[in-house]
Amino acid sequence: MTVHTSRPRPGPRAGRAGQAALAAVVMLLALLASGLSATEARGDVPPADGWDLAWSDDFEGPGGQPPAADRWIIDQGHSYPGGPPNWGTGEIQRYTDSPDNLALDGRGNLRITPRRDAAGNWTSARVETRRADFKAPEGGTLRIEGRIRVPDVTGPAALGYWSAFWALGSPYRGEYWNWPSIGEFDIMENVNGMNRVWGVLHCGVAPGGPCDENNGLGASRPCPGASCQAAFHTYRFEWDRSSSPSELRWYVDDQLYHRLTEDQFDAATWSDMTDHAGYFILLNVAMGGGFPDGVAGHATPTAATEPGHSMLVDYVAVWTRGGDGGPGDPGDPGEPTPSTRYLRSDGTLGEAAPGTTTATLASAGGANYDGTPHRPRTFTATGVTGRYTGGRTAFDLLVDAGTNVAVGQQVRVSYDRTGDGSWERTETYRYFATDPAPGYEHYTQERGLRSATGDHGDMRGGTVRVEVWNAIGDGPSTLATGDRSLLRLPFG
């Protein structure tokens with residue numbers, strides 16, 4: 001769904017009519033046996049024999065509430081900070097956290113609803129898991145599954161609707177320009193109210209490359225039994241490392257319809273999309289963009305497109321089977337240390353110190369030190385232990401340049417996972433130009449990454465370092481310390 005224009009691809013050839021009828025009967029009998037309607041939420045995550053549940057959300061809770069903040073990040077706007085515009089796909093809506101667009105429905109579902117205002121502007125919603133370490137264990141299999149009913153709208157009223165359940169490689173977070181090499185698994189895509197599900201892999205380089213970008217390697221088929229719009233269906237993706245070559249598999253209602261194997265790709269391409277910390281999962285309903293346009297053959301949405309039709313998500317779950325563990329059992333790194341650290345006047349990162357103290361950031365002297373620490377103030381925490389949550393670094397630094405003009409502060413955060421002196425992950429953020437009026441301003445991670453190297457991972461007695469300096473300007477500035485400026489680590 002990111003930075004690509006998928007086009008419809010031929011799905012598996014349809015089976016005989018008798019087989020389709022039998023499948024529909026089997027599905028109906030299963031629903032009757034369970035007392036579950038095809039249009040209702042289950043109310044829980046179903047058991048999966050032989051699999052270990054690693055993570056899940058069944059979206060239980062009061063209607064009108066957002067999804068659980070400890071599980072989901074709500075994306076907003078038209079892009080990631082510093083990332084490709086229109087989320088890289090040409091979609092036109094603005095994502096919001098409004099309950100009009102995103103909320104639990106009070107009946108066990110997450111509801112994502114596109115809206116259009118009187119001026120013709122579209123809004124919708126997109127969420128992604130905080131965890132970004134979903135990965136097939138070595139010698140085992142990863143299973144990502146969701147039970148979803150796509151918006152119940154068809155025909156001209158559906159033009160431009162683009163529902164998706166998908167996963168992106170963790171290195172995309174904070175970088176936003178390394179697609180498609182980091183990998184993308186489109187578990188379910190549905191566009192323009194068609195009774196058809198697409199499963200797609202994106203990888204390699206764009207355009208062209210081993211995944212035929214910007215198309216991706218995909219297949220599609222009608223939903224079994226009731227149409228995709230008329231009922232809930234279960235969409236599943238499996239990454240199987242239990243045999244050689246490894247396999248990627250796509251299912252709808254337990255029916256396999258797309259399969260790719262490791263030996264179809266060169267070693268570098270496969271490594272780029274599999275040899276990182278893992279994947280995070282996304283759910284969204286976009287409006288317009290390359291895929292709906294490609295299927296419809298013209299620009300969408302149109303004046304006939306109807307707003308207000310919701311995608312309902314009953315549950316999302318991740319399982320593993322076999323191998324050496326997985327997202328649910330990454331190995332115990334030890335007793336976790338606090339994830340929120342304050343910048344203290346003694347140069348440490350720790351608990352908030354009583355009272356506000358300050359640190360002076362030396363003038364850049366009229367030179368440009370964008371990206372290169374110049375006489376930085378350094379703050380360090382050692383013995384940091386915790387599992388990587390899949391999230392990203394966050395910070396809130398209170399800075400003030402007084403009446404100095406054109407002064408910009410910059411921060412670099414570095415992670416040494418084991419405390420051995422090697423920095424496995426370094427993040428440099430865009431500098432923050434303070435105004436020429438006295439008073440602290442908030443410099444946060446929302447300025448976006450200027451550059452990043454390496455990957456996150458579990459910390460076991462590691463070291464975290466924060467460097468703050470003036471990147472531009474001809475005057476000093478002040479950084480509030482003690483109980484004011486803080487860093488939030490993506491570990492728990």
# chains A, B, ... in the order shown; residues from 1 in each chain; ligands from 1
>>> select_by_dssp(residues="stretch 260-415 of chain A", states="helix (DSSP H, G or I)", output="PyMOL selection string")
chain A and resi 262-264+267-274+290-296
>>> residues_around(residues="A:Val316", least_positions_apart="2", cutoff="10 Å", atoms="only C-alpha atoms", output="count of residues only")
20
>>> atom_distance(atom1="atom CA of A:Asp293", atom2="atom CA of A:Gly160")
7.4 Å
>>> select_by_dssp(residues="stretch 60-274 of chain A", states="strand (DSSP E or B)", output="VMD selection string")
chain A and resid 72 to 75 77 94 to 95 102 to 104 110 to 112 115 to 116 122 to 124 126 to 129 134 140 to 149 161 to 169 184 to 191 197 to 202 208 213 217 to 221 233 to 240 247 to 252 255 to 261
>>> write_last_selection(atoms="C-alpha atoms", output="PDB file, in the first residue's frame")
ATOM      1  CA  TRP A  72      -1.743   0.971  17.901  1.00  0.00           C
ATOM      2  CA  ILE A  73      -0.319   4.199  16.478  1.00  0.00           C
ATOM      3  CA  ILE A  74      -2.835   6.461  14.708  1.00  0.00           C
ATOM      4  CA  ASP A  75      -1.359   7.998  11.561  1.00  0.00           C
ATOM      5  CA  GLY A  77      -2.282  13.931   7.795  1.00  0.00           C
ATOM      6  CA  ARG A  94      -6.404  13.212   5.081  1.00  0.00           C
ATOM      7  CA  TYR A  95      -6.054  10.712   7.922  1.00  0.00           C
ATOM      8  CA  LEU A 102     -11.774   5.860  13.595  1.00  0.00           C
ATOM      9  CA  ALA A 103     -13.444   4.246  16.608  1.00  0.00           C
ATOM     10  CA  LEU A 104     -14.511   1.020  18.240  1.00  0.00           C
ATOM     11  CA  LEU A 110     -12.757  -1.424  14.862  1.00  0.00           C
ATOM     12  CA  ARG A 111     -14.566   0.916  12.454  1.00  0.00           C
ATOM     13  CA  ILE A 112     -12.686   2.953   9.816  1.00  0.00           C
ATOM     14  CA  ARG A 115     -15.994  11.011   5.203  1.00  0.00           C
ATOM     15  CA  ARG A 116     -16.399  13.903   2.750  1.00  0.00           C
ATOM     16  CA  TRP A 122     -12.080  13.458   2.133  1.00  0.00           C
ATOM     17  CA  THR A 123     -10.927  12.195   5.535  1.00  0.00           C
ATOM     18  CA  SER A 124     -10.362   8.634   6.727  1.00  0.00           C
ATOM     19  CA  ARG A 126      -5.025   4.537   9.212  1.00  0.00           C
ATOM     20  CA  VAL A 127      -3.472   2.698  12.167  1.00  0.00           C
ATOM     21  CA  GLU A 128      -0.305   0.673  12.600  1.00  0.00           C
ATOM     22  CA  THR A 129       0.900  -1.628  15.355  1.00  0.00           C
ATOM     23  CA  PHE A 134       6.658  -9.595  13.656  1.00  0.00           C
ATOM     24  CA  GLY A 140       9.369 -21.801  11.970  1.00  0.00           C
ATOM     25  CA  THR A 141       6.355 -19.987  10.520  1.00  0.00           C
ATOM     26  CA  LEU A 142       4.688 -16.606  11.085  1.00  0.00           C
ATOM     27  CA  ARG A 143       0.939 -16.201  10.613  1.00  0.00           C
ATOM     28  CA  ILE A 144      -0.782 -12.792  10.424  1.00  0.00           C
ATOM     29  CA  GLU A 145      -4.563 -12.903  10.235  1.00  0.00           C
ATOM     30  CA  GLY A 146      -7.515 -10.547  10.354  1.00  0.00           C
ATOM     31  CA  ARG A 147     -11.271 -10.985  10.119  1.00  0.00           C
ATOM     32  CA  ILE A 148     -12.548  -8.016   8.156  1.00  0.00           C
ATOM     33  CA  ARG A 149     -15.631  -6.757   6.369  1.00  0.00           C
ATOM     34  CA  TYR A 161     -12.523   3.119  -1.957  1.00  0.00           C
ATOM     35  CA  TRP A 162      -9.245   1.326  -1.177  1.00  0.00           C
ATOM     36  CA  SER A 163      -9.307  -0.913   1.914  1.00  0.00           C
ATOM     37  CA  ALA A 164      -6.098  -2.552   3.064  1.00  0.00           C
ATOM     38  CA  PHE A 165      -4.661  -4.911   5.700  1.00  0.00           C
ATOM     39  CA  TRP A 166      -0.903  -5.094   5.233  1.00  0.00           C
ATOM     40  CA  ALA A 167       2.580  -5.120   6.763  1.00  0.00           C
ATOM     41  CA  LEU A 168       5.738  -3.049   6.221  1.00  0.00           C
ATOM     42  CA  GLY A 169       9.357  -3.826   7.087  1.00  0.00           C
ATOM     43  CA  GLU A 184       5.715  -5.046   2.030  1.00  0.00           C
ATOM     44  CA  PHE A 185       3.153  -7.824   2.468  1.00  0.00           C
ATOM     45  CA  ASP A 186      -0.316  -6.771   1.278  1.00  0.00           C
ATOM     46  CA  ILE A 187      -2.482  -9.327   3.060  1.00  0.00           C
ATOM     47  CA  MET A 188      -5.774  -7.909   1.796  1.00  0.00           C
ATOM     48  CA  GLU A 189      -6.491  -5.127  -0.658  1.00  0.00           C
ATOM     49  CA  ASN A 190      -9.958  -4.366  -1.997  1.00  0.00           C
ATOM     50  CA  VAL A 191     -10.829  -1.495  -4.318  1.00  0.00           C
ATOM     51  CA  VAL A 197      -9.279  -9.660  -2.778  1.00  0.00           C
ATOM     52  CA  TRP A 198      -5.687  -8.981  -3.801  1.00  0.00           C
ATOM     53  CA  GLY A 199      -2.562 -10.320  -2.086  1.00  0.00           C
ATOM     54  CA  VAL A 200       0.689  -8.660  -3.153  1.00  0.00           C
ATOM     55  CA  LEU A 201       4.405  -8.660  -2.322  1.00  0.00           C
ATOM     56  CA  HIS A 202       6.519  -5.532  -2.858  1.00  0.00           C
ATOM     57  CA  GLY A 208      10.988  -2.656 -12.228  1.00  0.00           C
ATOM     58  CA  GLU A 213       7.430  -2.437  -9.242  1.00  0.00           C
ATOM     59  CA  LEU A 217       3.936  -9.656  -7.400  1.00  0.00           C
ATOM     60  CA  GLY A 218       0.273 -10.319  -6.739  1.00  0.00           C
ATOM     61  CA  ALA A 219      -2.744 -12.489  -7.297  1.00  0.00           C
ATOM     62  CA  SER A 220      -6.455 -11.967  -6.754  1.00  0.00           C
ATOM     63  CA  ARG A 221      -9.706 -13.876  -6.510  1.00  0.00           C
ATOM     64  CA  HIS A 233     -13.961 -12.820   5.655  1.00  0.00           C
ATOM     65  CA  THR A 234     -10.710 -14.039   7.170  1.00  0.00           C
ATOM     66  CA  TYR A 235      -7.537 -12.872   5.440  1.00  0.00           C
ATOM     67  CA  ARG A 236      -4.256 -14.606   6.307  1.00  0.00           C
ATOM     68  CA  PHE A 237      -0.607 -14.325   5.378  1.00  0.00           C
ATOM     69  CA  GLU A 238       2.065 -16.905   6.261  1.00  0.00           C
ATOM     70  CA  TRP A 239       5.849 -16.613   6.113  1.00  0.00           C
ATOM     71  CA  ASP A 240       7.193 -20.164   6.331  1.00  0.00           C
ATOM     72  CA  GLU A 247       7.598 -19.626   1.313  1.00  0.00           C
ATOM     73  CA  LEU A 248       5.164 -16.706   1.456  1.00  0.00           C
ATOM     74  CA  ARG A 249       1.466 -17.664   1.275  1.00  0.00           C
ATOM     75  CA  TRP A 250      -1.812 -15.732   1.034  1.00  0.00           C
ATOM     76  CA  TYR A 251      -5.253 -17.098   2.049  1.00  0.00           C
ATOM     77  CA  VAL A 252      -8.843 -15.953   2.180  1.00  0.00           C
ATOM     78  CA  GLN A 255      -8.249 -21.002   0.813  1.00  0.00           C
ATOM     79  CA  LEU A 256      -4.731 -20.564  -0.587  1.00  0.00           C
ATOM     80  CA  TYR A 257      -4.672 -18.287  -3.635  1.00  0.00           C
ATOM     81  CA  HIS A 258      -1.122 -16.854  -3.863  1.00  0.00           C
ATOM     82  CA  ARG A 259       2.293 -18.354  -3.162  1.00  0.00           C
ATOM     83  CA  LEU A 260       5.888 -17.160  -3.643  1.00  0.00           C
ATOM     84  CA  THR A 261       9.131 -18.924  -2.760  1.00  0.00           C
TER      85      THR A 261
END
>>> closest_residue(among="A:Arg417, A:Arg484, A:Arg321, A:His78", to="A:Gly50", atoms="only C-alpha atoms")
A:Arg321
>>> atom_distance(atom1="atom CA of A:Ser422", atom2="atom CA of A:Tyr176")
24.9 Å
